[in-house]
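As structure tokens, the structure follows; a few thoughts come after it.
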Amino acid sequence: MVTIATSIESQIRLNDGVEMPKFGLGVYQSPKGEETEMSVMHSLKHKYRMIDTAEIYRNEDDCGRAIRKSGIPRKDIFLVTKLWENGAKSCQSHFTNSLERLGLDYVDMYLIHSPKGKKIVETYKAMLEIKAQGRIRSVGVSNFGVHHLQGLEQAGLPPPSVNQIELHPWQRKEDIVAYCQQKGIHLMAYSPLARGKHFGDKDLVKLAQKYNKTEAQVLVRWCVQHGFIVIPKSTSPKRIEENADVFDFSIDKEDMNFLDNLPEKSVGWNPCVEPWEG
Ligand SMILES: NC(=O)c1ccc[n+]([C@@H]2O[C@H](COP(=O)([O-])OP(=O)(O)OC[C@H]3O[C@@H](n4cnc5c(N)ncnc54)[C@H](OP(=O)(O)O)[C@@H]3O)[C@@H](O)[C@H]2O)c1
């Protein structure tokens, strides 16, 4: 069932029983160091309660420092990070390294960053083992196509709690979305602003003017109305606040329909189409 977030504090119950915020801050390409620490702290001050990082972003330590400095109880912040190098052994060691860099005792969600290459089944099993030890609360995946999700199912494994994929009006991945919704796997929308590539498009500008919002807010709101968990990235304090100010308007049916029919074009990589290699 698709539930629409009604505030920045809205939570969703995942298929493993864990509750997570439906809105958070992405930190990909957020530079290593003080700038990321400050932007994470700024987001937490403005009621963001979920941070999406990854070992490959090289800023886990900055996120961890910001979380500790924020004064917000650890249990009230939802930290997502991702494993870059698949394999059971690398999962164990890379996870321990991530925890150390974060300076935390556990992560709320650990994702297989991509299904590229082999060893997905053993990686997933290793993540479930760490979860059983209490050091991961929820295990999910990223950039998985339908055939990858079916591969996990055919291996007799429980479904991931989320599938984090590129989602915005120019990248709707309808087959993956439909499959995940049918299987109770929550969608987490990355690059929800399409990395700014469509800012200035006349139709998007028109919609922003119609709703008296910014183009970024229209795009975040599109994700919210589709029931996606959404993680816009910004290091600008003003834009961090702006991106969260999307819960006081709604895009009408006709305009959603327009956005749902734009020509598709990815703004990033697309490992969803990689072959399944087990
Ligand atoms: N799993 C994966 O493979 C994967 C891949 C990509 C992304 N992600 C996750 O998803 C998050 C978001 O995706 P993303 O970083 O690719 O792109 P995004 O959130 O779509 O866009 C970020 C870009 O938009 C700018 N921006 C942010 N808010 C704005 C606003 N209100 N007005 C104008 N410009 C604005 C940012 O610049 P400023 O910082 O200067 O504001 C940045 O250049 C990432 O940070 C990461 O956590 C995951």
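Residues are named by chain letter and number: chains run A, B, ... in the order of the structure tokens, numbers start at 1 in each chain, and ligands are numbered from 1 in the order shown.
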Distance filter 7 Å around ligand 1, atoms: only C-alpha atoms and all ligand atoms, out as a ChimeraX atom specification: /A:25-30,52-53,113-114,142-143,164-166,190-196,216-217,231-236,239-240,242-243,268
Polymer residues at most 9 Å from Ala126 (chain A), only C-alpha atoms, same-chain spacing of 2 or more positions, as number ranges by chain: A: 87-89, 91-92, 121-124, 128-131
Store the residues picked out above in a file with C-alpha atoms, as a compact mmCIF listing (two decimals), in the first residue's frame.
```
# COMPACT_ATOMS: atom_id res chain seq x y z
CA GLY A 87 31.08 -10.53 -1.34
CA ALA A 88 30.57 -12.08 2.10
CA LYS A 89 34.12 -11.36 3.30
CA CYS A 91 30.74 -7.25 3.58
CA GLN A 92 32.02 -8.22 7.06
CA VAL A 121 23.37 -13.88 -2.63
CA GLU A 122 26.37 -14.33 -0.33
CA THR A 123 26.56 -10.57 0.29
CA TYR A 124 22.89 -10.44 1.23
CA LEU A 128 21.44 -10.72 7.38
CA GLU A 129 24.04 -12.26 9.72
CA ILE A 130 25.23 -8.82 10.83
CA LYS A 131 21.60 -7.86 11.31
```
Residues within 8 Å of Leu102 (chain A), only C-alpha atoms, excluding chain neighbours under 3 positions, as a count of residues only: 8
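Nearest to Asp245 (chain A) of all the residues A:Ile72, A:Trp276, A:Lys213, A:Leu149 is A:Lys213, counting only C-alpha atoms.
Between CA of Phe249 (chain A) and CA of Arg221 (chain A) there is a distance of 8.3 Å.
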Backbone DSSP call of alpha helix (DSSP H) for region 4-247 of chain A, listed as an MDAnalysis selection string: chainID A and resid 34:45 60:70 88:102 120:132 146:154 174:183 202:211 215:225 237:244
DSSP strand (DSSP E or B) residues within region 60-155 of chain A, as a ChimeraX atom specification: /A:78-83,107-112,136-142
Spatial neighbours of Leu104 (chain A), 12 Å, only C-alpha atoms, chain gap at least 4 places, as an MDAnalysis selection string: chainID A and resid 60:61 63:68 74:75 77:81 95:100 108 135:136
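Near Val146 (chain A), within a cut-off of 10 Å and counting only C-alpha atoms, sit the residues Asp175, Ile176, Val177, Ala178, Tyr179, Cys180, Cys272, Val273 and Trp276 of chain A, with same-chain residues fewer than 6 positions away left out.
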Output of the above residues as a PDB file, in the first residue's frame, restricted to all heavy atoms:
```
ATOM      1  N   ASP A 175       8.316  -0.530 -14.178  1.00  0.00           N
ATOM      2  CA  ASP A 175       8.298  -1.983 -13.958  1.00  0.00           C
ATOM      3  C   ASP A 175       8.850  -2.318 -12.558  1.00  0.00           C
ATOM      4  O   ASP A 175       8.265  -3.127 -11.817  1.00  0.00           O
ATOM      5  CB  ASP A 175       9.109  -2.713 -15.043  1.00  0.00           C
ATOM      6  CG  ASP A 175      10.550  -2.223 -15.150  1.00  0.00           C
ATOM      7  OD1 ASP A 175      10.838  -1.059 -14.785  1.00  0.00           O
ATOM      8  OD2 ASP A 175      11.423  -3.019 -15.567  1.00  0.00           O
ATOM      9  N   ILE A 176       9.932  -1.650 -12.178  1.00  0.00           N
ATOM     10  CA  ILE A 176      10.539  -1.931 -10.865  1.00  0.00           C
ATOM     11  C   ILE A 176       9.610  -1.426  -9.751  1.00  0.00           C
ATOM     12  O   ILE A 176       9.395  -2.112  -8.744  1.00  0.00           O
ATOM     13  CB  ILE A 176      11.936  -1.271 -10.742  1.00  0.00           C
ATOM     14  CG1 ILE A 176      12.852  -1.738 -11.883  1.00  0.00           C
ATOM     15  CG2 ILE A 176      12.561  -1.575  -9.381  1.00  0.00           C
ATOM     16  CD1 ILE A 176      14.231  -1.094 -11.896  1.00  0.00           C
ATOM     17  N   VAL A 177       9.054  -0.232  -9.960  1.00  0.00           N
ATOM     18  CA  VAL A 177       8.156   0.337  -8.945  1.00  0.00           C
ATOM     19  C   VAL A 177       6.963  -0.596  -8.718  1.00  0.00           C
ATOM     20  O   VAL A 177       6.619  -0.936  -7.575  1.00  0.00           O
ATOM     21  CB  VAL A 177       7.689   1.762  -9.358  1.00  0.00           C
ATOM     22  CG1 VAL A 177       6.542   2.256  -8.478  1.00  0.00           C
ATOM     23  CG2 VAL A 177       8.872   2.736  -9.286  1.00  0.00           C
ATOM     24  N   ALA A 178       6.338  -1.052  -9.815  1.00  0.00           N
ATOM     25  CA  ALA A 178       5.155  -1.921  -9.686  1.00  0.00           C
ATOM     26  C   ALA A 178       5.525  -3.219  -8.971  1.00  0.00           C
ATOM     27  O   ALA A 178       4.809  -3.679  -8.077  1.00  0.00           O
ATOM     28  CB  ALA A 178       4.574  -2.229 -11.068  1.00  0.00           C
ATOM     29  N   TYR A 179       6.670  -3.787  -9.335  1.00  0.00           N
ATOM     30  CA  TYR A 179       7.083  -5.060  -8.718  1.00  0.00           C
ATOM     31  C   TYR A 179       7.329  -4.864  -7.215  1.00  0.00           C
ATOM     32  O   TYR A 179       6.871  -5.660  -6.387  1.00  0.00           O
ATOM     33  CB  TYR A 179       8.353  -5.579  -9.401  1.00  0.00           C
ATOM     34  CG  TYR A 179       8.794  -6.931  -8.877  1.00  0.00           C
ATOM     35  CD1 TYR A 179       8.236  -8.108  -9.375  1.00  0.00           C
ATOM     36  CD2 TYR A 179       9.752  -7.036  -7.859  1.00  0.00           C
ATOM     37  CE1 TYR A 179       8.621  -9.349  -8.889  1.00  0.00           C
ATOM     38  CE2 TYR A 179      10.135  -8.274  -7.371  1.00  0.00           C
ATOM     39  CZ  TYR A 179       9.572  -9.421  -7.891  1.00  0.00           C
ATOM     40  OH  TYR A 179       9.944 -10.652  -7.394  1.00  0.00           O
ATOM     41  N   CYS A 180       8.059  -3.804  -6.865  1.00  0.00           N
ATOM     42  CA  CYS A 180       8.366  -3.562  -5.443  1.00  0.00           C
ATOM     43  C   CYS A 180       7.077  -3.331  -4.660  1.00  0.00           C
ATOM     44  O   CYS A 180       6.907  -3.868  -3.555  1.00  0.00           O
ATOM     45  CB  CYS A 180       9.301  -2.352  -5.301  1.00  0.00           C
ATOM     46  SG  CYS A 180      10.987  -2.708  -5.824  1.00  0.00           S
ATOM     47  N   CYS A 272      20.580  -1.169 -12.669  1.00  0.00           N
ATOM     48  CA  CYS A 272      19.352  -1.986 -12.647  1.00  0.00           C
ATOM     49  C   CYS A 272      19.304  -2.945 -13.836  1.00  0.00           C
ATOM     50  O   CYS A 272      18.597  -3.945 -13.789  1.00  0.00           O
ATOM     51  CB  CYS A 272      18.118  -1.097 -12.713  1.00  0.00           C
ATOM     52  SG  CYS A 272      17.896  -0.043 -11.298  1.00  0.00           S
ATOM     53  N   VAL A 273      20.017  -2.605 -14.906  1.00  0.00           N
ATOM     54  CA  VAL A 273      19.936  -3.445 -16.107  1.00  0.00           C
ATOM     55  C   VAL A 273      21.073  -4.474 -16.188  1.00  0.00           C
ATOM     56  O   VAL A 273      21.144  -5.240 -17.148  1.00  0.00           O
ATOM     57  CB  VAL A 273      19.933  -2.582 -17.397  1.00  0.00           C
ATOM     58  CG1 VAL A 273      18.710  -1.689 -17.458  1.00  0.00           C
ATOM     59  CG2 VAL A 273      21.203  -1.736 -17.499  1.00  0.00           C
ATOM     60  N   TRP A 276      21.853 -10.695 -13.869  1.00  0.00           N
ATOM     61  CA  TRP A 276      21.864 -11.362 -12.549  1.00  0.00           C
ATOM     62  C   TRP A 276      22.924 -12.456 -12.594  1.00  0.00           C
ATOM     63  O   TRP A 276      22.874 -13.334 -13.456  1.00  0.00           O
ATOM     64  CB  TRP A 276      20.494 -11.950 -12.234  1.00  0.00           C
ATOM     65  CG  TRP A 276      20.493 -12.915 -11.079  1.00  0.00           C
ATOM     66  CD1 TRP A 276      20.438 -14.271 -11.160  1.00  0.00           C
ATOM     67  CD2 TRP A 276      20.564 -12.595  -9.696  1.00  0.00           C
ATOM     68  NE1 TRP A 276      20.458 -14.822  -9.904  1.00  0.00           N
ATOM     69  CE2 TRP A 276      20.545 -13.817  -8.977  1.00  0.00           C
ATOM     70  CE3 TRP A 276      20.644 -11.401  -8.969  1.00  0.00           C
ATOM     71  CZ2 TRP A 276      20.595 -13.885  -7.581  1.00  0.00           C
ATOM     72  CZ3 TRP A 276      20.699 -11.462  -7.588  1.00  0.00           C
ATOM     73  CH2 TRP A 276      20.672 -12.689  -6.907  1.00  0.00           C
TER      74      TRP A 276
END
```
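Neighbours of Ala208 (chain A) closer than or equal to 12 Å, with only C-alpha atoms counted and sequence neighbours fewer than 3 positions away skipped, come out as Phe199, Gly200, Asp201, Lys202, Asp203, Leu204, Val205, Tyr211, Asn212, Lys213, Thr214, Glu215, Ala216, Gln217, Val218, Leu219, Val220, Arg221, Trp222, Val246, Phe249, Ser250, Ile251 and Asp255 of chain A.
For the choices A:Leu157, A:Met188, A:Leu111, A:Ile4, the atom-to-atom distance to Ser138 (chain A) is smallest for A:Leu111 when using only C-alpha atoms.
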